[in-house]
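Shown next: target.cif, given as mmCIF, C-alpha atoms.
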```
data_coords
#
loop_
_atom_site.group_PDB
_atom_site.id
_atom_site.type_symbol
_atom_site.label_atom_id
_atom_site.label_comp_id
_atom_site.auth_asym_id
_atom_site.auth_seq_id
_atom_site.Cartn_x
_atom_site.Cartn_y
_atom_site.Cartn_z
ATOM 1 C CA MET A 22 2.868 6.670 13.801
ATOM 2 C CA PRO A 23 0.062 5.876 11.332
ATOM 3 C CA ALA A 24 1.062 4.543 7.937
ATOM 4 C CA LEU A 25 0.199 6.640 4.897
ATOM 5 C CA GLY A 26 -2.550 4.182 3.971
ATOM 6 C CA ALA A 27 -4.120 4.493 7.421
ATOM 7 C CA MET A 28 -4.140 8.282 7.114
ATOM 8 C CA ILE A 29 -5.834 8.120 3.717
ATOM 9 C CA ALA A 30 -8.403 5.680 5.116
ATOM 10 C CA TYR A 31 -8.984 8.144 7.961
ATOM 11 C CA GLU A 32 -9.452 11.048 5.548
ATOM 12 C CA PHE A 33 -11.993 9.120 3.473
ATOM 13 C CA ARG A 34 -13.964 7.828 6.473
ATOM 14 C CA GLU A 35 -17.005 10.040 5.777
ATOM 15 C CA ARG A 36 -17.216 8.816 2.177
ATOM 16 C CA ARG A 37 -17.704 5.142 2.958
ATOM 17 C CA LYS A 38 -20.952 3.757 1.570
ATOM 18 C CA VAL A 39 -23.248 1.283 3.292
ATOM 19 C CA SER A 40 -22.481 -1.146 0.465
ATOM 20 C CA ASP A 41 -18.700 -0.985 1.028
ATOM 21 C CA PHE A 42 -17.514 -4.348 2.349
ATOM 22 C CA MET A 43 -13.744 -4.091 1.777
ATOM 23 C CA PRO A 44 -11.532 -2.330 4.346
ATOM 24 C CA PRO A 45 -10.255 1.099 3.284
ATOM 25 C CA PHE A 46 -6.598 0.067 3.666
ATOM 26 C CA VAL A 47 -5.116 -3.185 2.339
ATOM 27 C CA SER A 48 -1.469 -4.255 2.608
ATOM 28 C CA MET A 49 0.095 -7.286 0.976
ATOM 29 C CA ASN A 50 3.138 -9.402 1.826
ATOM 30 C CA TYR A 51 4.373 -7.285 4.733
ATOM 31 C CA GLY A 52 5.846 -9.822 7.134
ATOM 32 C CA SER A 53 5.994 -7.421 10.080
ATOM 33 C CA ASP A 54 4.090 -4.499 11.561
ATOM 34 C CA GLN A 55 5.667 -1.997 9.171
ATOM 35 C CA VAL A 56 2.334 -0.576 8.057
ATOM 36 C CA LYS A 57 -0.218 -0.095 10.829
ATOM 37 C CA GLU A 58 -2.824 2.361 12.087
ATOM 38 C CA GLY A 59 -0.574 3.850 14.793
ATOM 39 C CA CYS A 60 -2.476 6.277 17.025
ATOM 40 C CA LEU A 61 -5.663 5.960 14.951
ATOM 41 C CA ASP A 62 -8.388 3.526 15.969
ATOM 42 C CA SER A 63 -8.820 0.014 14.629
ATOM 43 C CA ARG A 64 -11.074 1.045 11.737
ATOM 44 C CA TYR A 65 -7.906 2.072 9.913
ATOM 45 C CA THR A 66 -5.920 -1.100 10.575
ATOM 46 C CA PRO A 67 -4.901 -2.623 7.236
ATOM 47 C CA LEU A 68 -6.119 -5.966 6.010
ATOM 48 C CA ASN A 69 -2.829 -7.779 5.434
ATOM 49 C CA LEU A 70 -2.981 -10.377 2.674
ATOM 50 C CA ASP A 71 -0.124 -12.844 2.251
ATOM 51 C CA THR A 72 0.117 -14.220 -1.281
ATOM 52 C CA GLN A 73 3.056 -16.478 -0.424
ATOM 53 C CA GLY A 74 0.639 -19.325 0.298
ATOM 54 C CA GLY A 75 -2.115 -18.218 -2.069
ATOM 55 C CA ASP A 76 -4.920 -19.407 0.236
ATOM 56 C CA PHE A 77 -7.144 -16.996 2.157
ATOM 57 C CA ALA A 78 -8.803 -18.831 5.029
ATOM 58 C CA PHE A 79 -11.284 -16.046 5.821
ATOM 59 C CA VAL A 80 -13.288 -16.685 2.644
ATOM 60 C CA VAL A 81 -16.367 -18.541 3.954
ATOM 61 C CA PRO A 82 -17.620 -21.244 1.539
ATOM 62 C CA GLU A 83 -21.197 -20.655 0.409
ATOM 63 C CA GLY A 84 -22.480 -23.794 2.116
ATOM 64 C CA GLU A 85 -20.929 -22.749 5.441
ATOM 65 C CA ARG A 86 -22.300 -19.204 5.678
ATOM 66 C CA GLY A 87 -25.379 -20.100 7.737
ATOM 67 C CA ARG A 88 -23.340 -21.951 10.356
ATOM 68 C CA PHE A 89 -20.750 -19.168 10.329
ATOM 69 C CA ARG A 90 -23.428 -16.548 11.123
ATOM 70 C CA ARG A 91 -24.876 -18.672 13.935
ATOM 71 C CA ARG A 92 -21.466 -19.151 15.520
ATOM 72 C CA THR A 93 -20.790 -15.430 15.270
ATOM 73 C CA ASP A 94 -24.072 -14.683 17.059
ATOM 74 C CA TYR A 95 -23.209 -17.188 19.818
ATOM 75 C CA LEU A 96 -19.809 -15.562 20.245
ATOM 76 C CA LYS A 97 -21.374 -12.126 20.682
ATOM 77 C CA VAL A 98 -23.743 -13.430 23.366
ATOM 78 C CA MET A 99 -20.928 -15.141 25.265
ATOM 79 C CA GLU A 100 -18.749 -12.032 25.120
ATOM 80 C CA SER A 101 -21.524 -9.770 26.406
ATOM 81 C CA LEU A 102 -22.063 -12.115 29.366
ATOM 82 C CA ALA A 103 -18.330 -12.305 30.094
ATOM 83 C CA LEU A 104 -17.853 -8.546 30.026
ATOM 84 C CA GLY A 105 -20.629 -7.823 32.498
ATOM 85 C CA ALA A 106 -22.196 -4.470 33.221
ATOM 86 C CA GLY A 107 -19.447 -3.297 35.553
ATOM 87 C CA ASN A 108 -16.614 -3.154 33.018
ATOM 88 C CA LYS A 109 -15.471 0.468 32.853
ATOM 89 C CA ASP A 110 -12.725 0.287 30.251
ATOM 90 C CA ARG A 111 -14.708 -0.658 27.167
ATOM 91 C CA LEU A 112 -12.538 1.111 24.590
ATOM 92 C CA PRO A 113 -10.313 -1.899 23.764
ATOM 93 C CA VAL A 114 -13.411 -4.086 23.486
ATOM 94 C CA GLU A 115 -15.206 -1.573 21.280
ATOM 95 C CA GLU A 116 -12.172 -1.273 19.003
ATOM 96 C CA LEU A 117 -11.939 -5.049 18.724
ATOM 97 C CA ASP A 118 -15.653 -5.214 17.929
ATOM 98 C CA ALA A 119 -15.335 -2.543 15.240
ATOM 99 C CA TYR A 120 -12.398 -4.344 13.629
ATOM 100 C CA ARG A 121 -14.124 -7.714 13.787
ATOM 101 C CA ASN A 122 -17.442 -6.390 12.492
ATOM 102 C CA GLN A 123 -15.669 -4.911 9.491
ATOM 103 C CA ALA A 124 -14.039 -8.291 8.892
ATOM 104 C CA LEU A 125 -17.390 -10.085 9.197
ATOM 105 C CA VAL A 126 -19.003 -7.818 6.621
ATOM 106 C CA MET A 127 -16.194 -8.634 4.198
ATOM 107 C CA MET A 128 -16.212 -12.372 4.939
ATOM 108 C CA GLN A 129 -19.960 -12.670 4.353
ATOM 109 C CA SER A 130 -19.991 -10.761 1.072
ATOM 110 C CA PRO A 131 -20.858 -12.941 -1.958
ATOM 111 C CA GLN A 132 -18.193 -11.042 -3.938
ATOM 112 C CA ILE A 133 -15.186 -11.671 -1.713
ATOM 113 C CA ALA A 134 -14.396 -15.123 -3.137
ATOM 114 C CA LYS A 135 -14.262 -13.715 -6.677
ATOM 115 C CA ILE A 136 -12.009 -10.844 -5.580
ATOM 116 C CA LEU A 137 -9.538 -13.201 -3.923
ATOM 117 C CA THR A 138 -9.496 -15.808 -6.699
ATOM 118 C CA LEU A 139 -6.132 -16.335 -8.389
ATOM 119 C CA ASP A 140 -6.682 -17.925 -11.800
ATOM 120 C CA SER A 141 -3.771 -20.103 -12.951
ATOM 121 C CA GLU A 142 -3.528 -18.470 -16.381
ATOM 122 C CA GLU A 143 -3.567 -14.989 -14.877
ATOM 123 C CA LYS A 144 -0.929 -15.983 -12.334
ATOM 124 C CA LYS A 145 1.278 -17.007 -15.247
ATOM 125 C CA ARG A 146 0.565 -13.778 -17.147
ATOM 126 C CA TYR A 147 1.474 -11.704 -14.082
ATOM 127 C CA GLY A 148 4.797 -13.489 -13.613
ATOM 128 C CA SER A 149 4.056 -16.502 -11.380
ATOM 129 C CA SER A 150 5.305 -14.823 -8.211
ATOM 130 C CA PRO A 151 3.864 -13.613 -4.887
ATOM 131 C CA PHE A 152 4.286 -10.047 -6.167
ATOM 132 C CA GLY A 153 2.425 -10.852 -9.386
ATOM 133 C CA ASP A 154 -0.361 -12.485 -7.368
ATOM 134 C CA ALA A 155 -0.591 -9.355 -5.216
ATOM 135 C CA CYS A 156 -0.969 -7.276 -8.374
ATOM 136 C CA ILE A 157 -3.860 -9.512 -9.510
ATOM 137 C CA LEU A 158 -5.599 -9.039 -6.161
ATOM 138 C CA THR A 159 -4.980 -5.300 -6.393
ATOM 139 C CA ARG A 160 -6.683 -5.190 -9.778
ATOM 140 C CA ASN A 161 -9.636 -7.215 -8.454
ATOM 141 C CA ILE A 162 -10.039 -5.044 -5.359
ATOM 142 C CA LEU A 163 -9.945 -1.835 -7.375
ATOM 143 C CA ALA A 164 -12.409 -3.192 -9.946
ATOM 144 C CA ALA A 165 -14.840 -4.177 -7.158
ATOM 145 C CA ASP A 166 -14.998 -0.535 -5.975
ATOM 146 C CA ALA A 167 -16.018 -1.742 -2.527
ATOM 147 C CA GLY A 168 -14.402 0.855 -0.275
ATOM 148 C CA THR A 169 -10.645 0.268 -0.505
ATOM 149 C CA ARG A 170 -8.749 3.548 -0.943
ATOM 150 C CA PHE A 171 -5.106 2.539 -0.472
ATOM 151 C CA ILE A 172 -3.209 -0.647 -1.287
ATOM 152 C CA ALA A 173 0.428 -1.216 -0.319
ATOM 153 C CA ILE A 174 2.391 -4.105 -1.855
ATOM 154 C CA HIS A 175 5.780 -5.293 -0.631
ATOM 155 C CA GLN A 176 7.628 -7.130 -3.390
ATOM 156 C CA GLY A 177 10.464 -8.501 -1.310
ATOM 157 C CA SER A 178 13.953 -7.451 -0.367
ATOM 158 C CA TRP A 179 16.176 -5.690 -2.902
ATOM 159 C CA ASP A 180 18.860 -5.480 -0.207
ATOM 160 C CA PHE A 181 21.603 -7.071 -2.307
ATOM 161 C CA HIS A 182 24.713 -6.566 -0.182
ATOM 162 C CA THR A 183 26.017 -9.859 -1.587
ATOM 163 C CA ASN A 184 25.851 -11.788 -4.870
ATOM 164 C CA ILE A 185 23.531 -9.329 -6.588
ATOM 165 C CA TYR A 186 24.043 -10.783 -10.080
ATOM 166 C CA ASP A 187 24.487 -14.467 -9.156
ATOM 167 C CA LYS A 188 22.082 -16.348 -11.436
ATOM 168 C CA ALA A 189 22.765 -19.581 -9.558
ATOM 169 C CA GLN A 190 20.572 -18.223 -6.749
ATOM 170 C CA ASN A 191 16.818 -17.673 -7.000
ATOM 171 C CA TRP A 192 17.178 -14.348 -5.198
ATOM 172 C CA ASN A 193 19.065 -12.061 -7.559
ATOM 173 C CA HIS A 194 18.687 -8.746 -9.341
ATOM 174 C CA TYR A 195 17.503 -10.300 -12.598
ATOM 175 C CA ASN A 196 14.692 -12.367 -11.094
ATOM 176 C CA LEU A 197 13.361 -9.510 -8.976
ATOM 177 C CA SER A 198 13.448 -7.205 -12.002
ATOM 178 C CA ARG A 199 11.468 -9.725 -14.060
ATOM 179 C CA GLU A 200 8.925 -10.091 -11.247
ATOM 180 C CA LEU A 201 8.492 -6.332 -11.018
ATOM 181 C CA ASP A 202 8.191 -5.821 -14.774
ATOM 182 C CA SER A 203 5.658 -8.632 -15.223
ATOM 183 C CA GLY A 204 3.438 -7.818 -12.256
ATOM 184 C CA LEU A 205 3.450 -4.046 -12.506
ATOM 185 C CA GLY A 206 3.239 -3.990 -16.300
ATOM 186 C CA GLU A 207 0.220 -6.303 -16.410
ATOM 187 C CA LEU A 208 -1.482 -4.387 -13.589
ATOM 188 C CA ILE A 209 -1.121 -1.074 -15.416
ATOM 189 C CA GLY A 210 -2.326 -2.646 -18.669
ATOM 190 C CA ASP A 211 -5.392 -4.251 -17.086
ATOM 191 C CA LEU A 212 -6.355 -1.083 -15.217
ATOM 192 C CA GLU A 213 -6.070 0.880 -18.456
ATOM 193 C CA LYS A 214 -8.468 -1.541 -20.190
ATOM 194 C CA THR A 215 -11.019 -1.511 -17.339
ATOM 195 C CA GLN A 216 -13.712 1.142 -17.694
ATOM 196 C CA THR A 217 -15.351 2.671 -14.618
ATOM 197 C CA ARG A 218 -18.994 3.649 -14.182
ATOM 198 C CA ASP A 219 -18.016 7.291 -14.678
ATOM 199 C CA GLY A 220 -16.370 6.689 -18.052
ATOM 200 C CA PRO A 221 -12.584 6.961 -17.613
ATOM 201 C CA SER A 222 -10.412 3.905 -17.159
ATOM 202 C CA LEU A 223 -9.580 2.507 -13.752
ATOM 203 C CA LEU A 224 -5.981 3.563 -14.357
ATOM 204 C CA ASP A 225 -7.107 7.180 -14.751
ATOM 205 C CA GLN A 226 -8.628 6.994 -11.268
ATOM 206 C CA THR A 227 -5.735 5.143 -9.614
ATOM 207 C CA LEU A 228 -2.389 6.678 -8.668
ATOM 208 C CA ILE A 229 0.418 4.103 -8.741
ATOM 209 C CA VAL A 230 3.719 4.819 -6.987
ATOM 210 C CA CYS A 231 6.546 2.272 -7.227
ATOM 211 C CA MET A 232 9.728 2.941 -5.267
ATOM 212 C CA GLY A 233 12.035 1.718 -2.534
ATOM 213 C CA GLU A 234 13.752 3.332 0.432
ATOM 214 C CA PHE A 235 17.029 4.415 -1.175
ATOM 215 C CA GLY A 236 19.417 3.647 -4.004
ATOM 216 C CA ARG A 237 22.322 1.210 -4.228
ATOM 217 C CA THR A 238 26.004 2.070 -4.477
ATOM 218 C CA PRO A 239 26.955 2.729 -8.125
ATOM 219 C CA GLY A 240 30.144 1.772 -9.939
ATOM 220 C CA ASP A 241 31.963 -1.485 -9.263
ATOM 221 C CA ILE A 242 30.264 -4.027 -7.036
ATOM 222 C CA THR A 243 31.648 -4.555 -3.534
ATOM 223 C CA VAL A 244 34.079 -7.226 -2.372
ATOM 224 C CA ASN A 245 30.972 -9.244 -1.425
ATOM 225 C CA LYS A 246 29.715 -8.983 -5.023
ATOM 226 C CA GLY A 247 26.843 -6.750 -4.003
ATOM 227 C CA ARG A 248 25.734 -3.143 -3.743
ATOM 228 C CA ASP A 249 25.288 -1.324 -0.439
ATOM 229 C CA HIS A 250 22.873 1.419 0.643
ATOM 230 C CA HIS A 251 23.175 4.695 -1.263
ATOM 231 C CA ARG A 252 21.229 7.760 -0.125
ATOM 232 C CA PHE A 253 22.372 10.259 -2.725
ATOM 233 C CA ALA A 254 20.328 9.034 -5.693
ATOM 234 C CA MET A 255 17.493 6.632 -6.464
ATOM 235 C CA SER A 256 14.546 6.357 -8.816
ATOM 236 C CA GLY A 257 10.798 5.900 -8.525
ATOM 237 C CA LEU A 258 7.865 5.472 -10.879
ATOM 238 C CA PHE A 259 4.516 7.287 -10.988
ATOM 239 C CA ALA A 260 1.666 6.090 -13.230
ATOM 240 C CA GLY A 261 -2.090 6.575 -13.659
ATOM 241 C CA GLY A 262 -4.110 9.089 -11.632
ATOM 242 C CA GLY A 263 -3.485 12.059 -13.918
ATOM 243 C CA ILE A 264 0.241 11.402 -14.317
ATOM 244 C CA ALA A 265 1.777 12.704 -17.554
ATOM 245 C CA GLY A 266 3.720 9.655 -18.731
ATOM 246 C CA GLY A 267 6.774 9.395 -20.910
ATOM 247 C CA GLN A 268 8.979 11.764 -18.943
ATOM 248 C CA ALA A 269 11.782 11.669 -16.403
ATOM 249 C CA ILE A 270 11.857 14.250 -13.605
ATOM 250 C CA GLY A 271 15.448 15.168 -12.795
ATOM 251 C CA ALA A 272 18.701 13.446 -13.714
ATOM 252 C CA THR A 273 21.816 11.959 -12.122
ATOM 253 C CA ASP A 274 25.404 11.958 -13.294
ATOM 254 C CA GLU A 275 26.471 9.236 -15.732
ATOM 255 C CA GLN A 276 27.275 6.815 -12.927
ATOM 256 C CA GLY A 277 24.018 7.348 -11.057
ATOM 257 C CA ALA A 278 25.936 8.493 -7.995
ATOM 258 C CA LYS A 279 24.313 11.884 -7.364
ATOM 259 C CA VAL A 280 21.531 14.156 -8.563
ATOM 260 C CA VAL A 281 22.786 16.817 -10.970
ATOM 261 C CA LYS A 282 19.412 18.090 -12.203
ATOM 262 C CA PRO A 283 16.487 18.154 -9.713
ATOM 263 C CA GLY A 284 13.931 18.862 -12.447
ATOM 264 C CA TRP A 285 11.323 20.517 -10.245
ATOM 265 C CA SER A 286 10.552 23.768 -8.451
ATOM 266 C CA LYS A 287 12.435 23.116 -5.193
ATOM 267 C CA LYS A 288 15.832 22.942 -6.942
ATOM 268 C CA ARG A 289 16.900 20.050 -4.715
ATOM 269 C CA SER A 290 16.567 16.279 -4.560
ATOM 270 C CA ILE A 291 13.096 14.882 -3.964
ATOM 271 C CA TYR A 292 12.471 13.592 -0.427
ATOM 272 C CA PRO A 293 10.009 10.907 0.735
ATOM 273 C CA GLU A 294 8.043 13.737 2.357
ATOM 274 C CA ASP A 295 7.560 15.299 -1.090
ATOM 275 C CA VAL A 296 6.252 11.985 -2.423
ATOM 276 C CA ALA A 297 3.777 11.757 0.476
ATOM 277 C CA ALA A 298 2.621 15.337 -0.123
ATOM 278 C CA THR A 299 2.099 14.539 -3.806
ATOM 279 C CA ILE A 300 0.012 11.448 -3.021
ATOM 280 C CA TYR A 301 -2.138 13.380 -0.551
ATOM 281 C CA SER A 302 -2.598 16.227 -3.021
ATOM 282 C CA ALA A 303 -3.619 13.880 -5.853
ATOM 283 C CA LEU A 304 -6.377 12.578 -3.565
ATOM 284 C CA GLY A 305 -7.539 16.073 -2.645
ATOM 285 C CA ILE A 306 -6.182 15.879 0.910
ATOM 286 C CA ASP A 307 -4.612 18.880 2.635
ATOM 287 C CA TRP A 308 -1.231 17.437 3.614
ATOM 288 C CA SER A 309 -0.357 20.415 5.841
ATOM 289 C CA LYS A 310 -2.853 19.275 8.503
ATOM 290 C CA GLU A 311 -2.088 17.544 11.778
ATOM 291 C CA ILE A 312 -3.842 15.369 14.354
ATOM 292 C CA THR A 313 -3.602 16.769 17.873
ATOM 293 C CA ASN A 314 -5.660 14.343 19.997
ATOM 294 C CA THR A 315 -3.030 11.599 20.031
ATOM 295 C CA PRO A 316 -2.445 9.301 23.051
ATOM 296 C CA SER A 317 0.926 10.941 23.734
ATOM 297 C CA GLY A 318 -0.417 14.473 23.336
ATOM 298 C CA ARG A 319 2.142 15.168 20.626
ATOM 299 C CA ALA A 320 0.729 16.470 17.351
ATOM 300 C CA PHE A 321 1.057 14.130 14.389
ATOM 301 C CA ARG A 322 1.669 15.961 11.117
ATOM 302 C CA TYR A 323 0.419 14.400 7.905
ATOM 303 C CA VAL A 324 3.792 15.297 6.383
ATOM 304 C CA GLU A 325 6.692 16.023 8.722
ATOM 305 C CA THR A 326 8.487 19.294 7.965
ATOM 306 C CA GLN A 327 11.294 18.881 10.479
ATOM 307 C CA SER A 328 14.272 16.536 10.284
ATOM 308 C CA GLY A 329 16.517 16.869 13.307
ATOM 309 C CA THR A 330 17.473 20.541 13.370
ATOM 310 C CA ASP A 331 16.695 21.097 9.684
ATOM 311 C CA PHE A 332 13.492 22.551 8.269
ATOM 312 C CA LEU A 333 12.163 20.670 5.246
ATOM 313 C CA ASP A 334 10.571 22.876 2.623
ATOM 314 C CA VAL A 335 8.203 20.126 1.499
ATOM 315 C CA GLY A 336 6.406 20.472 -1.819
ATOM 316 C CA GLU A 337 4.238 18.598 -4.294
ATOM 317 C CA ILE A 338 6.086 17.147 -7.285
ATOM 318 C CA SER A 339 3.852 18.951 -9.781
ATOM 319 C CA PRO A 340 5.846 18.111 -12.967
ATOM 320 C CA VAL A 341 4.655 14.492 -12.777
ATOM 321 C CA PHE A 342 1.187 15.756 -13.684
ATOM 322 C CA GLY A 343 2.462 17.567 -16.787
#
```
Take the structure from the file and write it as structure tokens.
Amino acid sequence: MPALGAMIAYEFRERRKVSDFMPPFVSMNYGSDQVKEGCLDSRYTPLNLDTQGGDFAFVVPEGERGRFRRRTDYLKVMESLALGAGNKDRLPVEELDAYRNQALVMMQSPQIAKILTLDSEEKKRYGSSPFGDACILTRNILAADAGTRFIAIHQGSWDFHTNIYDKAQNWNHYNLSRELDSGLGELIGDLEKTQTRDGPSLLDQTLIVCMGEFGRTPGDITVNKGRDHHRFAMSGLFAGGGIAGGQAIGATDEQGAKVVKPGWSKKRSIYPEDVAATIYSALGIDWSKEITNTPSGRAFRYVETQSGTDFLDVGEISPVFG
């Protein structure tokens, strides 16, 4: 199944410019294959950046670019000789070539080093965390306007089944909250101050969605001093991209245990499918479409409308746009 970012990269494939050197889909700090291209081809595979180490080995130093190009040319010659003319199944090779060529374009761009630079003062301003660093890179990538259409950032686990409020541990609710506030707040502020060629701010042209998978059990903490999974209520944040700020859509009871006021046209809780439909719609993409030429032959819907035996009446969360 393609990730949402891969689908958006696929939809914007005809709009890529010759000058675009960044991949259309970038993911950061995902330690597993949670976000991939699925049944789409390798052009929509995300570039996964890991800010845990803060060093990006694919940035070619200026003095090494000539040797790097020569070695790349030698590699292509050797591969063409190894493949031979009789190789019938060239699709995997062609997909690898397409993915690698996209990477080579990025690696040889004079701008890539600047985009991936993490200044020490900015790192401090953004919270001195891998998440804050990812937010800096996000700002740089968006400001470069070099072809990236979707960026996914994983902050880290909020899965506090134990010791959620234990300040003696580095991993606790307070520290993660500070990381999120610092990184996201500075990102929004910097995007708002950055003007685009067209006039509006970069924030006006960027839709930001911040949310998790589900809520946490309300009320007293558990015997393990934590909070378990809770599917009946959670919260998410929308900003930029035409969002009408300063409002809350829907409401829970006083304890945060269940939704008592949906706050939108469907008169029910908001599902992840509704969030996906809203993101697609904000980008001008028809989310009711499907891809039929998949390897399995099963149609892939942009937004699934079936959950088990239940039909999902998916809709766009229009109140967020005012």
| task | Would you kindly return, as a PyMOL selection string, each protein, DNA or RNA residue with an atom no farther than 9 Å from any atom of segment 195-210 of chain A, considering all atoms listed in the file and excluding same-chain residues fewer than 4 positions away? | result | chain A and resi 146-157+159-160+176-179+185-188+191+214-215+224+229+231+260-261
| request: Pull the neighbourhood of (-6.1, 13.5, -0.8) for me: all residues within 12 Å in file coordinates, counting all atoms listed in the file, as a ChimeraX atom specification. | output: /A:25-26,28-33,170-171,228,262,297-310,323
| query | What is the atom CA of Lys135 of chain A to atom CA of Ile172 of chain A distance in Å? | reply |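 Atom CA of Ile172 of chain A lies at a distance of 17.9 Å from atom CA of Lys135 of chain A.
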| Could you list as a ChimeraX atom specification every residue that has an atom within 9 Å of (-18.3, -11.2, 7.4), using the file's coordinates and counting only C-alpha atoms? | /A:42,79-81,89-90,121-130
Can you pull out every residue within 12 Å of Gln268 of chain A, counting all atoms listed in the file, but drop anything in the same chain fewer than 3 positions away, and send it as a short mmCIF file (atom, residue, chain, number, x, y, z; two decimals) with C-alpha atoms, in the frame of the given file?
```cif
data_model
loop_
_atom_site.label_atom_id
_atom_site.label_comp_id
_atom_site.auth_asym_id
_atom_site.auth_seq_id
_atom_site.Cartn_x
_atom_site.Cartn_y
_atom_site.Cartn_z
CA LEU A 258 7.86 5.47 -10.88
CA PHE A 259 4.52 7.29 -10.99
CA ALA A 260 1.67 6.09 -13.23
CA ILE A 264 0.24 11.40 -14.32
CA ALA A 265 1.78 12.70 -17.55
CA GLY A 271 15.45 15.17 -12.80
CA ALA A 272 18.70 13.45 -13.71
CA GLY A 284 13.93 18.86 -12.45
CA PRO A 340 5.85 18.11 -12.97
CA VAL A 341 4.66 14.49 -12.78
CA PHE A 342 1.19 15.76 -13.68
CA GLY A 343 2.46 17.57 -16.79
#
```
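Every protein or nucleic acid residue with an atom no more than 10 Å from Lys246 of chain A, counting only C-alpha atoms and leaving out same-chain residues fewer than 3 positions away, appears here: Phe181, His182, Thr183, Asn184, Ile185, Tyr186, Asp187, Asp241, Ile242, Thr243 and Asp249 of chain A.
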| So how many Å separate atom CA of Arg237 of chain A and atom CA of Lys282 of chain A, to one decimal? | 18.9 Å
| Length of the atom CA of Gly59 of chain A to atom CA of Phe46 of chain A vector [Å] |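 Computed distance, atom CA of Gly59 of chain A to atom CA of Phe46 of chain A, equals 13.2 Å.
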| Nearest to Leu139 of chain A among A:Tyr120, A:Gly267, A:Asp274, A:Gly74, with distances taken over only C-alpha atoms: which residue is it? |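 Smallest separation from Leu139 of chain A among the options: A:Gly74.
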| said: I need the residue nearest Ser40 of chain A from this list: A:Thr169, A:Gln55, A:Gln73, A:Asn314. Use only C-alpha atoms for the distance. | reply: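 Of the candidates, the smallest distance to Ser40 of chain A is held by A:Thr169.
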Step by step: locate segment 206-218 of chain A in the block above, keep N, CA and C atoms, then write the file as a PDB file, in the first residue's frame.
```
ATOM      1  N   GLY A 206       6.576  24.953  16.709  1.00  0.00           N
ATOM      2  CA  GLY A 206       6.336  26.386  16.838  1.00  0.00           C
ATOM      3  C   GLY A 206       7.312  27.210  16.018  1.00  0.00           C
ATOM      4  N   GLU A 207       8.598  26.864  16.077  1.00  0.00           N
ATOM      5  CA  GLU A 207       9.600  27.598  15.304  1.00  0.00           C
ATOM      6  C   GLU A 207       9.412  27.380  13.808  1.00  0.00           C
ATOM      7  N   LEU A 208       9.046  26.159  13.412  1.00  0.00           N
ATOM      8  CA  LEU A 208       8.802  25.885  11.994  1.00  0.00           C
ATOM      9  C   LEU A 208       7.675  26.758  11.463  1.00  0.00           C
ATOM     10  N   ILE A 209       6.560  26.793  12.179  1.00  0.00           N
ATOM     11  CA  ILE A 209       5.425  27.608  11.742  1.00  0.00           C
ATOM     12  C   ILE A 209       5.827  29.082  11.672  1.00  0.00           C
ATOM     13  N   GLY A 210       6.549  29.557  12.690  1.00  0.00           N
ATOM     14  CA  GLY A 210       6.970  30.954  12.701  1.00  0.00           C
ATOM     15  C   GLY A 210       7.893  31.300  11.550  1.00  0.00           C
ATOM     16  N   ASP A 211       8.857  30.434  11.256  1.00  0.00           N
ATOM     17  CA  ASP A 211       9.789  30.700  10.157  1.00  0.00           C
ATOM     18  C   ASP A 211       9.095  30.648   8.799  1.00  0.00           C
ATOM     19  N   LEU A 212       8.187  29.696   8.620  1.00  0.00           N
ATOM     20  CA  LEU A 212       7.456  29.623   7.355  1.00  0.00           C
ATOM     21  C   LEU A 212       6.596  30.864   7.152  1.00  0.00           C
ATOM     22  N   GLU A 213       6.034  31.373   8.241  1.00  0.00           N
ATOM     23  CA  GLU A 213       5.190  32.567   8.149  1.00  0.00           C
ATOM     24  C   GLU A 213       6.010  33.796   7.750  1.00  0.00           C
ATOM     25  N   LYS A 214       7.285  33.831   8.141  1.00  0.00           N
ATOM     26  CA  LYS A 214       8.139  34.981   7.835  1.00  0.00           C
ATOM     27  C   LYS A 214       8.822  34.865   6.469  1.00  0.00           C
ATOM     28  N   THR A 215       8.719  33.698   5.832  1.00  0.00           N
ATOM     29  CA  THR A 215       9.398  33.473   4.553  1.00  0.00           C
ATOM     30  C   THR A 215       8.452  33.755   3.395  1.00  0.00           C
ATOM     31  N   GLN A 216       8.790  34.753   2.590  1.00  0.00           N
ATOM     32  CA  GLN A 216       7.955  35.100   1.441  1.00  0.00           C
ATOM     33  C   GLN A 216       8.302  34.216   0.243  1.00  0.00           C
ATOM     34  N   THR A 217       7.308  33.878  -0.550  1.00  0.00           N
ATOM     35  CA  THR A 217       7.517  33.105  -1.770  1.00  0.00           C
ATOM     36  C   THR A 217       7.605  34.049  -2.966  1.00  0.00           C
ATOM     37  N   ARG A 218       7.972  33.480  -4.119  1.00  0.00           N
ATOM     38  CA  ARG A 218       8.060  34.304  -5.332  1.00  0.00           C
ATOM     39  C   ARG A 218       6.704  34.880  -5.717  1.00  0.00           C
TER      40      ARG A 218
END
```
